[in-house]
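Here is final-v3.cif, consisting of mmCIF, C-alpha atoms:
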```cif
data_coords
loop_
_atom_site.label_atom_id
_atom_site.label_comp_id
_atom_site.auth_asym_id
_atom_site.auth_seq_id
_atom_site.Cartn_x
_atom_site.Cartn_y
_atom_site.Cartn_z
CA MET A 1 -36.95 14.01 -13.74
CA GLY A 2 -38.27 10.53 -13.31
CA GLY A 3 -38.47 9.84 -17.03
CA MET A 4 -38.80 6.39 -18.48
CA SER A 5 -35.98 4.59 -20.19
CA ARG A 6 -36.70 4.41 -23.90
CA GLN A 7 -35.30 0.93 -24.16
CA THR A 8 -36.96 -0.74 -21.21
CA GLY A 9 -39.86 1.40 -20.08
CA ILE A 10 -38.66 1.18 -16.48
CA PRO A 11 -37.94 4.34 -14.55
CA ARG A 12 -34.73 5.94 -15.68
CA ARG A 13 -33.11 5.97 -12.24
CA VAL A 14 -33.76 2.28 -11.80
CA ALA A 15 -32.13 1.55 -15.11
CA LEU A 16 -29.16 3.69 -14.20
CA LEU A 17 -28.75 2.11 -10.81
CA GLY A 18 -29.05 -1.34 -12.27
CA LEU A 19 -26.25 -0.56 -14.67
CA ALA A 20 -24.18 0.85 -11.83
CA GLY A 21 -24.04 -2.52 -10.18
CA VAL A 22 -24.78 -1.07 -6.76
CA SER A 23 -25.55 -3.48 -3.97
CA ALA A 24 -29.04 -4.89 -3.68
CA ALA A 25 -29.35 -3.35 -0.23
CA ALA A 26 -28.46 0.09 -1.51
CA LEU A 27 -30.83 -0.34 -4.43
CA ALA A 28 -33.68 -1.35 -2.14
CA GLY A 29 -33.02 1.71 -0.04
CA VAL A 30 -33.05 4.02 -3.02
CA LEU A 31 -36.01 2.83 -4.97
CA PRO A 32 -39.21 3.19 -2.96
CA ALA A 33 -39.86 6.91 -3.14
CA VAL A 34 -36.76 8.96 -3.23
CA ALA A 35 -34.84 8.50 -6.44
CA ALA A 36 -37.35 9.22 -9.13
CA ALA A 37 -39.40 11.72 -7.18
CA ARG A 38 -36.84 13.97 -5.58
CA GLY A 39 -33.42 13.50 -7.03
CA LEU A 40 -30.57 11.25 -6.20
CA ASP A 41 -28.38 10.36 -3.25
CA THR A 42 -25.10 12.27 -3.46
CA ILE A 43 -22.75 9.29 -3.54
CA GLU A 44 -24.92 7.55 -6.16
CA ALA A 45 -25.02 10.74 -8.21
CA ILE A 46 -21.24 10.98 -8.21
CA LYS A 47 -20.88 7.30 -9.12
CA THR A 48 -23.50 7.22 -11.88
CA ARG A 49 -22.92 10.61 -13.56
CA ARG A 50 -21.67 10.37 -17.14
CA SER A 51 -21.25 12.85 -19.96
CA VAL A 52 -24.46 13.07 -22.02
CA ARG A 53 -24.15 14.44 -25.56
CA ARG A 54 -27.54 13.54 -27.06
CA TYR A 55 -30.74 15.30 -26.04
CA THR A 56 -34.44 15.15 -26.77
CA SER A 57 -36.14 18.17 -28.33
CA ARG A 58 -37.73 19.06 -24.97
CA PRO A 59 -36.80 22.58 -23.84
CA LEU A 60 -34.88 23.15 -20.63
CA ALA A 61 -37.19 24.77 -18.09
CA GLU A 62 -35.98 28.12 -16.82
CA ALA A 63 -36.53 26.94 -13.24
CA ASP A 64 -34.31 23.90 -13.82
CA LEU A 65 -31.61 26.06 -15.37
CA ARG A 66 -31.64 28.43 -12.41
CA GLU A 67 -31.51 25.53 -9.95
CA ILE A 68 -28.40 24.27 -11.75
CA LEU A 69 -26.82 27.74 -11.64
CA ARG A 70 -27.76 28.08 -7.99
CA CYS A 71 -25.91 24.83 -7.27
CA GLY A 72 -22.88 26.02 -9.22
CA MET A 73 -22.67 29.20 -7.17
CA GLN A 74 -22.57 27.15 -3.94
CA ALA A 75 -19.10 25.85 -4.84
CA PRO A 76 -16.14 26.61 -2.58
CA SER A 77 -13.61 29.12 -3.87
CA ALA A 78 -10.29 30.55 -2.71
CA CYS A 79 -10.94 33.31 -0.14
CA ASP A 80 -14.62 32.73 -0.99
CA GLU A 81 -13.99 34.99 -4.00
CA GLN A 82 -16.71 33.38 -6.18
CA PRO A 83 -15.17 34.67 -9.43
CA TRP A 84 -17.73 33.04 -11.73
CA ARG A 85 -19.86 34.61 -14.43
CA PHE A 86 -22.32 32.82 -16.70
CA VAL A 87 -23.66 33.35 -20.20
CA ILE A 88 -26.61 31.11 -21.02
CA LEU A 89 -26.80 30.14 -24.68
CA ARG A 90 -30.31 29.30 -25.87
CA ASP A 91 -30.30 30.89 -29.31
CA LYS A 92 -29.97 28.08 -31.88
CA ALA A 93 -27.60 30.05 -34.09
CA LEU A 94 -25.28 30.70 -31.14
CA LEU A 95 -25.39 27.03 -30.10
CA ALA A 96 -24.47 26.02 -33.65
CA ARG A 97 -21.61 28.54 -33.66
CA ALA A 98 -20.35 27.12 -30.34
CA GLY A 99 -20.04 23.76 -32.07
CA GLU A 100 -17.95 25.36 -34.80
CA ILE A 101 -15.58 27.06 -32.36
CA ASN A 102 -15.10 23.69 -30.66
CA PRO A 103 -15.82 20.79 -33.04
CA TYR A 104 -15.96 18.44 -30.03
CA ALA A 105 -19.07 20.35 -28.99
CA ALA A 106 -20.79 20.09 -32.39
CA PHE A 107 -23.76 18.36 -30.73
CA ALA A 108 -24.54 21.67 -28.97
CA ARG A 109 -26.62 22.62 -32.00
CA GLU A 110 -29.12 19.93 -30.97
CA ALA A 111 -29.22 20.98 -27.30
CA PRO A 112 -31.81 23.28 -25.75
CA ALA A 113 -29.21 25.23 -23.79
CA ALA A 114 -25.61 25.56 -22.77
CA VAL A 115 -23.91 27.47 -19.97
CA LEU A 116 -20.68 29.30 -20.68
CA VAL A 117 -18.82 29.26 -17.36
CA CYS A 118 -16.41 32.18 -17.18
CA GLY A 119 -13.90 33.55 -14.70
CA ASP A 120 -13.96 37.25 -13.92
CA LEU A 121 -10.35 38.18 -13.27
CA GLU A 122 -11.42 41.33 -11.48
CA LEU A 123 -13.07 39.07 -8.90
CA ASP A 124 -9.99 36.79 -8.59
CA ARG A 125 -8.74 38.53 -5.42
CA CYS A 126 -6.60 35.56 -4.31
CA GLN A 127 -4.89 35.61 -7.64
CA GLY A 128 -4.24 32.37 -9.42
CA TYR A 129 -7.26 30.38 -8.23
CA TRP A 130 -10.03 31.31 -10.66
CA VAL A 131 -9.58 28.16 -12.77
CA GLN A 132 -9.94 25.92 -9.71
CA ASP A 133 -12.88 27.98 -8.39
CA CYS A 134 -14.75 27.92 -11.69
CA SER A 135 -14.04 24.22 -12.14
CA ASN A 136 -15.65 23.54 -8.77
CA CYS A 137 -18.62 25.61 -9.85
CA ALA A 138 -18.98 23.67 -13.10
CA MET A 139 -18.60 20.31 -11.33
CA CYS A 140 -21.45 21.15 -8.95
CA MET A 141 -23.60 22.11 -11.94
CA LEU A 142 -22.92 18.78 -13.69
CA LEU A 143 -23.86 16.82 -10.57
CA ALA A 144 -26.98 18.92 -10.01
CA ALA A 145 -28.10 18.38 -13.62
CA HIS A 146 -27.59 14.63 -13.27
CA ALA A 147 -29.48 14.53 -9.97
CA MET A 148 -32.37 16.36 -11.64
CA GLY A 149 -32.59 13.74 -14.39
CA LEU A 150 -31.00 15.98 -16.99
CA GLY A 151 -28.00 15.17 -19.16
CA ALA A 152 -24.97 17.42 -19.39
CA VAL A 153 -21.37 17.47 -20.52
CA TRP A 154 -18.33 19.67 -19.92
CA THR A 155 -16.71 20.83 -23.15
CA GLY A 156 -13.27 22.35 -22.73
CA ILE A 157 -12.31 25.90 -23.69
CA TYR A 158 -9.53 27.35 -21.50
CA PRO A 159 -6.53 27.35 -21.91
CA LEU A 160 -6.81 26.83 -25.71
CA ALA A 161 -6.35 30.32 -27.15
CA ASP A 162 -8.49 29.81 -30.27
CA ARG A 163 -11.44 28.58 -28.24
CA VAL A 164 -11.05 31.30 -25.61
CA GLU A 165 -11.02 34.01 -28.27
CA GLY A 166 -13.78 32.31 -30.25
CA PHE A 167 -16.17 32.31 -27.31
CA ARG A 168 -15.07 35.78 -26.25
CA ALA A 169 -16.06 37.07 -29.68
CA LEU A 170 -19.25 34.98 -29.85
CA CYS A 171 -20.65 36.39 -26.59
CA GLY A 172 -18.92 39.77 -26.52
CA LEU A 173 -17.05 39.07 -23.30
CA PRO A 174 -14.96 41.92 -21.89
CA ALA A 175 -11.20 41.45 -21.57
CA HIS A 176 -11.34 40.63 -17.86
CA VAL A 177 -13.78 37.74 -18.36
CA THR A 178 -12.29 34.47 -19.62
CA PRO A 179 -14.44 31.54 -20.72
CA LEU A 180 -13.39 28.32 -19.00
CA ALA A 181 -15.86 25.70 -20.22
CA LEU A 182 -19.16 25.28 -22.01
CA LEU A 183 -21.62 22.99 -20.24
CA VAL A 184 -24.13 21.63 -22.73
CA ILE A 185 -27.39 20.60 -21.04
CA GLY A 186 -30.67 18.99 -22.05
CA HIS A 187 -33.08 16.15 -21.47
CA PRO A 188 -31.07 13.01 -22.15
CA ALA A 189 -31.62 10.94 -25.29
CA GLU A 190 -28.87 8.53 -24.30
CA GLN A 191 -28.13 6.73 -21.02
CA PRO A 192 -24.39 6.01 -20.80
CA ALA A 193 -23.73 3.19 -18.35
CA PRO A 194 -21.99 4.18 -15.12
CA GLU A 195 -18.28 3.47 -15.20
CA ASN A 196 -16.07 2.39 -12.30
CA ARG A 197 -12.95 4.57 -12.47
CA PHE A 198 -11.47 3.53 -9.12
CA LYS A 199 -7.71 3.00 -9.41
CA PRO A 200 -6.31 2.01 -6.02
CA GLU A 201 -2.77 2.22 -7.39
CA ARG A 202 -3.14 5.99 -7.53
CA ILE A 203 -3.21 6.16 -3.72
CA ARG A 204 -0.12 6.38 -1.53
CA TYR A 205 0.25 6.87 2.19
CA ASP A 206 2.25 9.61 3.92
CA ARG A 207 5.03 9.68 1.33
CA TRP A 208 5.28 9.04 -2.39
CA MET B 1 -22.82 9.33 9.62
CA GLY B 2 -26.08 10.18 11.27
CA GLY B 3 -24.42 11.69 14.34
CA MET B 4 -26.23 13.89 16.77
CA SER B 5 -25.79 17.63 16.94
CA ARG B 6 -23.89 18.57 20.08
CA GLN B 7 -26.01 21.62 20.64
CA THR B 8 -29.48 20.23 20.13
CA GLY B 9 -29.34 16.46 20.36
CA ILE B 10 -31.33 16.18 17.15
CA PRO B 11 -29.92 14.26 14.20
CA ARG B 12 -27.17 16.24 12.54
CA ARG B 13 -28.73 16.23 9.08
CA VAL B 14 -31.97 17.56 10.44
CA ALA B 15 -30.12 20.39 12.11
CA LEU B 16 -28.25 21.14 8.92
CA LEU B 17 -31.38 21.09 6.80
CA GLY B 18 -33.17 23.31 9.28
CA LEU B 19 -30.38 25.83 9.00
CA ALA B 20 -30.53 25.60 5.23
CA GLY B 21 -34.04 26.97 5.22
CA VAL B 22 -35.23 24.33 2.76
CA SER B 23 -38.94 24.12 2.15
CA ALA B 24 -41.09 22.17 4.58
CA ALA B 25 -42.15 19.89 1.77
CA ALA B 26 -38.57 19.06 0.84
CA LEU B 27 -37.73 18.54 4.48
CA ALA B 28 -40.61 16.15 4.97
CA GLY B 29 -39.45 14.19 1.95
CA VAL B 30 -35.92 13.90 3.25
CA LEU B 31 -36.44 13.04 6.85
CA PRO B 32 -38.19 9.71 7.23
CA ALA B 33 -35.43 7.28 6.42
CA VAL B 34 -33.02 8.57 3.90
CA ALA B 35 -31.02 11.47 5.21
CA ALA B 36 -29.46 10.17 8.38
CA ALA B 37 -29.26 6.57 7.31
CA ARG B 38 -27.89 6.70 3.82
CA GLY B 39 -26.42 10.03 3.04
CA LEU B 40 -27.88 13.12 1.53
CA ASP B 41 -29.80 14.16 -1.54
CA THR B 42 -27.41 15.62 -4.12
CA ILE B 43 -28.97 19.08 -4.41
CA GLU B 44 -29.21 19.37 -0.63
CA ALA B 45 -25.59 18.26 -0.29
CA ILE B 46 -24.44 20.95 -2.71
CA LYS B 47 -26.52 23.61 -0.95
CA THR B 48 -25.57 22.70 2.62
CA ARG B 49 -21.86 21.86 2.22
CA ARG B 50 -19.52 24.23 4.03
CA SER B 51 -15.82 24.18 4.82
CA VAL B 52 -15.20 22.42 8.15
CA ARG B 53 -11.93 23.18 9.94
CA ARG B 54 -12.55 21.71 13.41
CA TYR B 55 -12.69 17.99 14.02
CA THR B 56 -13.30 15.59 16.86
CA SER B 57 -10.53 13.20 17.92
CA ARG B 58 -12.34 10.30 16.23
CA PRO B 59 -10.18 8.60 13.58
CA LEU B 60 -11.24 8.54 9.95
CA ALA B 61 -12.19 4.97 9.01
CA GLU B 62 -10.17 3.54 6.15
CA ALA B 63 -13.40 2.47 4.43
CA ASP B 64 -14.73 6.04 4.57
CA LEU B 65 -11.48 7.41 3.20
CA ARG B 66 -11.55 4.97 0.30
CA GLU B 67 -15.18 5.80 -0.46
CA ILE B 68 -14.22 9.47 -0.65
CA LEU B 69 -11.29 8.67 -2.96
CA ARG B 70 -13.53 6.46 -5.07
CA CYS B 71 -15.92 9.38 -5.53
CA GLY B 72 -13.06 11.68 -6.46
CA MET B 73 -11.90 9.31 -9.18
CA GLN B 74 -15.38 9.35 -10.75
CA ALA B 75 -14.90 12.99 -11.79
CA PRO B 76 -14.97 13.93 -15.47
CA SER B 77 -11.64 14.88 -17.05
CA ALA B 78 -10.44 16.12 -20.42
CA CYS B 79 -10.13 13.16 -22.82
CA ASP B 80 -11.01 11.06 -19.74
CA GLU B 81 -7.31 11.35 -18.86
CA GLN B 82 -7.86 11.05 -15.07
CA PRO B 83 -4.50 12.65 -14.22
CA TRP B 84 -4.96 12.51 -10.44
CA ARG B 85 -2.67 11.02 -7.81
CA PHE B 86 -3.24 11.02 -4.06
CA VAL B 87 -1.03 11.01 -1.00
CA ILE B 88 -2.94 10.36 2.22
CA LEU B 89 -1.46 12.10 5.24
CA ARG B 90 -2.25 10.40 8.54
CA ASP B 91 1.06 10.77 10.36
CA LYS B 92 0.62 13.51 12.97
CA ALA B 93 4.07 14.99 12.33
CA LEU B 94 3.33 15.27 8.61
CA LEU B 95 -0.08 16.87 9.28
CA ALA B 96 1.60 19.41 11.57
CA ARG B 97 4.22 20.14 8.91
CA ALA B 98 1.46 20.64 6.32
CA GLY B 99 0.09 23.39 8.54
CA GLU B 100 3.50 25.04 8.58
CA ILE B 101 3.87 24.97 4.80
CA ASN B 102 0.45 26.60 4.54
CA PRO B 103 -0.45 28.55 7.70
CA TYR B 104 -4.08 28.68 6.54
CA ALA B 105 -4.09 24.90 7.04
CA ALA B 106 -2.63 25.01 10.56
CA PHE B 107 -5.71 23.17 11.86
CA ALA B 108 -4.55 20.09 9.93
CA ARG B 109 -2.49 19.12 12.98
CA GLU B 110 -5.79 18.38 14.78
CA ALA B 111 -7.28 16.39 11.89
CA PRO B 112 -7.21 12.60 11.58
CA ALA B 113 -6.28 12.73 7.90
CA ALA B 114 -5.73 14.85 4.83
CA VAL B 115 -5.61 14.03 1.15
CA LEU B 116 -2.97 15.66 -1.02
CA VAL B 117 -4.57 15.85 -4.47
CA CYS B 118 -1.88 15.95 -7.14
CA GLY B 119 -1.76 16.15 -10.92
CA ASP B 120 0.50 13.74 -12.79
CA LEU B 121 1.73 15.68 -15.81
CA GLU B 122 2.69 12.43 -17.53
CA LEU B 123 -1.02 11.54 -17.50
CA ASP B 124 -2.10 14.99 -18.77
CA ARG B 125 -2.44 13.83 -22.39
CA CYS B 126 -4.78 16.66 -23.39
CA GLN B 127 -2.25 19.13 -22.15
CA GLY B 128 -3.41 22.06 -20.14
CA TYR B 129 -6.38 20.50 -18.38
CA TRP B 130 -4.92 18.80 -15.32
CA VAL B 131 -5.85 21.68 -12.96
CA GLN B 132 -9.48 21.54 -14.07
CA ASP B 133 -9.52 17.72 -13.92
CA CYS B 134 -8.02 17.56 -10.44
CA SER B 135 -10.31 20.33 -9.21
CA ASN B 136 -13.30 18.28 -10.34
CA CYS B 137 -11.87 15.31 -8.50
CA ALA B 138 -11.40 17.30 -5.30
CA MET B 139 -14.89 18.83 -5.55
CA CYS B 140 -16.46 15.37 -5.76
CA MET B 141 -14.47 14.33 -2.68
CA LEU B 142 -15.69 17.33 -0.67
CA LEU B 143 -19.30 16.59 -1.56
CA ALA B 144 -18.89 12.90 -0.79
CA ALA B 145 -17.37 13.67 2.62
CA HIS B 146 -20.24 16.02 3.43
CA ALA B 147 -22.82 13.47 2.33
CA MET B 148 -21.17 10.90 4.60
CA GLY B 149 -21.50 13.19 7.61
CA LEU B 150 -17.81 14.09 7.62
CA GLY B 151 -16.31 17.57 7.57
CA ALA B 152 -13.71 18.65 5.05
CA VAL B 153 -12.05 21.71 3.61
CA TRP B 154 -10.01 22.52 0.51
CA THR B 155 -6.73 24.25 1.35
CA GLY B 156 -4.97 25.81 -1.64
CA ILE B 157 -1.49 24.89 -2.84
CA TYR B 158 -1.05 25.34 -6.60
CA PRO B 159 -0.02 27.74 -8.17
CA LEU B 160 1.86 29.20 -5.16
CA ALA B 161 5.47 28.12 -5.71
CA ASP B 162 6.45 27.95 -2.03
CA ARG B 163 3.53 25.69 -1.18
CA VAL B 164 4.03 23.50 -4.26
CA GLU B 165 7.70 22.99 -3.41
CA GLY B 166 6.94 22.59 0.30
CA PHE B 167 4.52 19.73 -0.27
CA ARG B 168 6.73 18.24 -2.96
CA ALA B 169 9.55 18.04 -0.42
CA LEU B 170 7.28 16.88 2.43
CA CYS B 171 5.96 13.88 0.51
CA GLY B 172 8.88 13.24 -1.85
CA LEU B 173 6.85 13.85 -5.00
CA PRO B 174 8.64 13.29 -8.31
CA ALA B 175 9.05 16.24 -10.67
CA HIS B 176 6.12 15.22 -12.89
CA VAL B 177 3.66 15.20 -9.98
CA THR B 178 2.38 18.61 -8.83
CA PRO B 179 0.33 19.06 -5.66
CA LEU B 180 -2.86 21.01 -6.34
CA ALA B 181 -4.70 21.09 -3.00
CA LEU B 182 -4.74 19.53 0.44
CA LEU B 183 -8.18 18.34 1.55
CA VAL B 184 -8.30 18.14 5.33
CA ILE B 185 -10.95 15.67 6.54
CA GLY B 186 -12.38 14.50 9.85
CA HIS B 187 -15.48 14.09 11.96
CA PRO B 188 -16.88 17.59 12.35
CA ALA B 189 -16.62 19.47 15.65
CA GLU B 190 -18.32 22.51 14.12
CA GLN B 191 -21.48 22.86 12.02
CA PRO B 192 -21.19 25.97 9.85
CA ALA B 193 -24.62 27.14 8.75
CA PRO B 194 -25.43 26.72 5.07
CA GLU B 195 -24.96 29.89 3.08
CA ASN B 196 -26.97 31.10 0.11
CA ARG B 197 -24.44 32.26 -2.50
CA PHE B 198 -26.89 32.72 -5.37
CA LYS B 199 -26.15 35.92 -7.28
CA PRO B 200 -28.62 36.28 -10.16
CA GLU B 201 -26.72 39.31 -11.47
CA ARG B 202 -23.90 36.96 -12.51
CA ILE B 203 -26.14 35.42 -15.18
CA ARG B 204 -26.54 36.82 -18.70
CA TYR B 205 -28.38 35.46 -21.71
CA ASP B 206 -26.87 34.77 -25.15
CA ARG B 207 -24.52 37.75 -25.07
CA TRP B 208 -22.64 39.67 -22.38
#
```
Let me see whether you can do it: turn the structure in this file into structure tokens.
Amino acid sequence: MGGMSRQTGIPRRVALLGLAGVSAAALAGVLPAVAAARGLDTIEAIKTRRSVRRYTSRPLAEADLREILRCGMQAPSACDEQPWRFVILRDKALLARAGEINPYAAFAREAPAAVLVCGDLELDRCQGYWVQDCSNCAMCMLLAAHAMGLGAVWTGIYPLADRVEGFRALCGLPAHVTPLALLVIGHPAEQPAPENRFKPERIRYDRW
Amino acid sequence: MGGMSRQTGIPRRVALLGLAGVSAAALAGVLPAVAAARGLDTIEAIKTRRSVRRYTSRPLAEADLREILRCGMQAPSACDEQPWRFVILRDKALLARAGEINPYAAFAREAPAAVLVCGDLELDRCQGYWVQDCSNCAMCMLLAAHAMGLGAVWTGIYPLADRVEGFRALCGLPAHVTPLALLVIGHPAEQPAPENRFKPERIRYDRW
């Protein structure tokens, strides 16, 4: 948290916010004490979060990892069923194997940790919602990591059968536990610029 | 934003944070200027967000609605495909009908607005991920609403066929657009206490 930008030497959050093009008023409100010291305003976090795929060699503190998991478990779920299960990958050989199962996650071998977010079908009481529930969980974890000054990215697993079975074998998951996504997490070694994805044409009123 | 608690007359965020049982140090850091005036720290937002199903009669400002939608569209998606589409329900007859299609959303008739979050299968290039993508989108909207002092709740639609077809008919959705969830949003008339959902037994390391 509160690291310096490698390029500019200014606090990381300031650099990020500058790139975000937020209003000067909002920037002035954010800077004095809050952003670097304690995290990030929710709306700014949502607007500035990007996928981070390059990490420094710094380990991920156990306390930070648990704070991220704690945030994930706060997600809403159908019937409050909370069908999530987690396998934390920290072993370098396992992280390298993860990047072989999913070549788009090859950078995992350079990360200090990754979280395999799984759905436990025995906990999916309101059947049919575990994918939505576990997605919510993973989304909260990505935002929490960003707010803590960490970098993270969602790499897809479910519903691709080869990836599902690959991760099931890698971690020895029982048949009722299905891996949904692998969140790769570390201290960021890249600072992707915030991106404005607002598309007003996607919005309709009352009827299509 | 920054409303007063009906019960106590103290600023709403303070009441919420008090209920959350956050540390005194964190509370002191949040209170001076930030919380009520500009939203909510990301981690606190994730930890204090609850489903809100009772609303005051106050309308939802168009600017607030667009800010929520803007936050939803910032969500990560597979291949950055952003397959989401939105139908905003503000017509009272439509909101009442929504509560008939899904009886668990009957309270929608008392809400100022609801957002039907849909997946456009023609935009689902990396096939199979639209449910996860649109869940991420909806999760960001729920957090944004909470951070703005609004109350919101996710009501489930997909994959229940009767609800999917009910909302398709209600809003005249084309065949390639599938409703995932209805987010009901308004100014809160209830303040559910934050809930600690952390379950350390859900976490394993390296292997199951």
Taking all atoms listed in the file into account, name the residue in B:Ser77, B:Ser135, B:Gln127, B:Asn102 that is nearest to chain A. B:Ser135
Env of Gly151 of chain A: 9 Å cut, atoms = all atoms listed in the file, seq-sep filter 4 positions within chain, self excluded. Answer as an mmCIF file with C-alpha atoms, keeping the file's coordinate frame.
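Output contents, as saved in selection-v2.cif:
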```
data_model
loop_
_atom_site.group_PDB
_atom_site.id
_atom_site.type_symbol
_atom_site.label_atom_id
_atom_site.label_comp_id
_atom_site.auth_asym_id
_atom_site.auth_seq_id
_atom_site.Cartn_x
_atom_site.Cartn_y
_atom_site.Cartn_z
ATOM 1 C CA ARG A 49 -22.920 10.610 -13.560
ATOM 2 C CA ARG A 50 -21.670 10.370 -17.140
ATOM 3 C CA SER A 51 -21.250 12.850 -19.960
ATOM 4 C CA VAL A 52 -24.460 13.070 -22.020
ATOM 5 C CA ARG A 53 -24.150 14.440 -25.560
ATOM 6 C CA ARG A 54 -27.540 13.540 -27.060
ATOM 7 C CA TYR A 55 -30.740 15.300 -26.040
ATOM 8 C CA LEU A 142 -22.920 18.780 -13.690
ATOM 9 C CA ALA A 145 -28.100 18.380 -13.620
ATOM 10 C CA HIS A 146 -27.590 14.630 -13.270
ATOM 11 C CA VAL A 184 -24.130 21.630 -22.730
ATOM 12 C CA ILE A 185 -27.390 20.600 -21.040
ATOM 13 C CA GLY A 186 -30.670 18.990 -22.050
ATOM 14 C CA HIS A 187 -33.080 16.150 -21.470
ATOM 15 C CA PRO A 188 -31.070 13.010 -22.150
ATOM 16 C CA ALA A 189 -31.620 10.940 -25.290
ATOM 17 C CA GLU A 190 -28.870 8.530 -24.300
ATOM 18 C CA GLN A 191 -28.130 6.730 -21.020
#
```
Using 7 Å as the limit and counting only C-alpha atoms, can you tabulate each residue of chain B that touches chain A, with its shortest atom-to-atom distance in Å and the two atoms involved, as JSON lines?
```
{"residue": "B:Gly39", "atom": "CA", "partner": "A:Asp41", "partner_atom": "CA", "distance": 6.6}
{"residue": "B:Leu40", "atom": "CA", "partner": "A:Asp41", "partner_atom": "CA", "distance": 5.5}
{"residue": "B:Asp41", "atom": "CA", "partner": "A:Asp41", "partner_atom": "CA", "distance": 4.4}
{"residue": "B:Thr42", "atom": "CA", "partner": "A:Thr42", "partner_atom": "CA", "distance": 4.1}
{"residue": "B:Ile43", "atom": "CA", "partner": "A:Ala144", "partner_atom": "CA", "distance": 5.9}
{"residue": "B:Ala45", "atom": "CA", "partner": "A:Thr42", "partner_atom": "CA", "distance": 6.8}
{"residue": "B:Ile46", "atom": "CA", "partner": "A:Cys71", "partner_atom": "CA", "distance": 6.2}
{"residue": "B:Lys47", "atom": "CA", "partner": "A:Gln74", "partner_atom": "CA", "distance": 6.1}
{"residue": "B:Arg70", "atom": "CA", "partner": "A:Phe198", "partner_atom": "CA", "distance": 5.4}
{"residue": "B:Cys71", "atom": "CA", "partner": "A:Ile46", "partner_atom": "CA", "distance": 6.2}
{"residue": "B:Met73", "atom": "CA", "partner": "A:Phe198", "partner_atom": "CA", "distance": 5.8}
{"residue": "B:Gln74", "atom": "CA", "partner": "A:Arg197", "partner_atom": "CA", "distance": 5.6}
{"residue": "B:Arg85", "atom": "CA", "partner": "A:Arg202", "partner_atom": "CA", "distance": 5.1}
{"residue": "B:Phe86", "atom": "CA", "partner": "A:Ile203", "partner_atom": "CA", "distance": 4.9}
{"residue": "B:Val87", "atom": "CA", "partner": "A:Arg204", "partner_atom": "CA", "distance": 4.7}
{"residue": "B:Ile88", "atom": "CA", "partner": "A:Tyr205", "partner_atom": "CA", "distance": 4.7}
{"residue": "B:Leu89", "atom": "CA", "partner": "A:Asp206", "partner_atom": "CA", "distance": 4.7}
{"residue": "B:Arg90", "atom": "CA", "partner": "A:Asp206", "partner_atom": "CA", "distance": 6.5}
{"residue": "B:Asp91", "atom": "CA", "partner": "A:Asp206", "partner_atom": "CA", "distance": 6.7}
{"residue": "B:Gly128", "atom": "CA", "partner": "A:Pro159", "partner_atom": "CA", "distance": 6.4}
{"residue": "B:Val131", "atom": "CA", "partner": "A:Gln132", "partner_atom": "CA", "distance": 6.7}
{"residue": "B:Gln132", "atom": "CA", "partner": "A:Ser135", "partner_atom": "CA", "distance": 5.6}
{"residue": "B:Ser135", "atom": "CA", "partner": "A:Gln132", "partner_atom": "CA", "distance": 5.6}
{"residue": "B:Asn136", "atom": "CA", "partner": "A:Met139", "partner_atom": "CA", "distance": 5.8}
{"residue": "B:Met139", "atom": "CA", "partner": "A:Asn136", "partner_atom": "CA", "distance": 5.8}
{"residue": "B:Cys140", "atom": "CA", "partner": "A:Ile46", "partner_atom": "CA", "distance": 6.9}
{"residue": "B:Ala144", "atom": "CA", "partner": "A:Ile43", "partner_atom": "CA", "distance": 6.0}
{"residue": "B:Ala147", "atom": "CA", "partner": "A:Thr42", "partner_atom": "CA", "distance": 6.3}
{"residue": "B:Pro159", "atom": "CA", "partner": "A:Gly128", "partner_atom": "CA", "distance": 6.4}
{"residue": "B:Cys171", "atom": "CA", "partner": "A:Arg207", "partner_atom": "CA", "distance": 4.4}
{"residue": "B:Gly172", "atom": "CA", "partner": "A:Trp208", "partner_atom": "CA", "distance": 5.6}
{"residue": "B:Leu173", "atom": "CA", "partner": "A:Trp208", "partner_atom": "CA", "distance": 5.7}
{"residue": "B:Arg197", "atom": "CA", "partner": "A:Gln74", "partner_atom": "CA", "distance": 5.6}
{"residue": "B:Phe198", "atom": "CA", "partner": "A:Arg70", "partner_atom": "CA", "distance": 5.4}
{"residue": "B:Arg202", "atom": "CA", "partner": "A:Arg85", "partner_atom": "CA", "distance": 5.1}
{"residue": "B:Ile203", "atom": "CA", "partner": "A:Phe86", "partner_atom": "CA", "distance": 4.9}
{"residue": "B:Arg204", "atom": "CA", "partner": "A:Val87", "partner_atom": "CA", "distance": 4.8}
{"residue": "B:Tyr205", "atom": "CA", "partner": "A:Ile88", "partner_atom": "CA", "distance": 4.7}
{"residue": "B:Asp206", "atom": "CA", "partner": "A:Leu89", "partner_atom": "CA", "distance": 4.7}
{"residue": "B:Arg207", "atom": "CA", "partner": "A:Cys171", "partner_atom": "CA", "distance": 4.4}
{"residue": "B:Trp208", "atom": "CA", "partner": "A:Gly172", "partner_atom": "CA", "distance": 5.6}
```
Residues within 8 Å of (-2.6, 24.0, 10.8), file coords, all atoms listed in the file, listed as a ChimeraX atom specification: /B:95-96,98-100,102-110
Once you have the residues from the selection above, write them out as a CSV table (one decimal), keeping the file's coordinate frame, restricted to C-alpha atoms.
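Result went into out.csv, see below:
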```
chain,number,residue,atom,x,y,z
B,95,LEU,CA,-0.1,16.9,9.3
B,96,ALA,CA,1.6,19.4,11.6
B,98,ALA,CA,1.5,20.6,6.3
B,99,GLY,CA,0.1,23.4,8.5
B,100,GLU,CA,3.5,25.0,8.6
B,102,ASN,CA,0.4,26.6,4.5
B,103,PRO,CA,-0.4,28.6,7.7
B,104,TYR,CA,-4.1,28.7,6.5
B,105,ALA,CA,-4.1,24.9,7.0
B,106,ALA,CA,-2.6,25.0,10.6
B,107,PHE,CA,-5.7,23.2,11.9
B,108,ALA,CA,-4.6,20.1,9.9
B,109,ARG,CA,-2.5,19.1,13.0
B,110,GLU,CA,-5.8,18.4,14.8
```
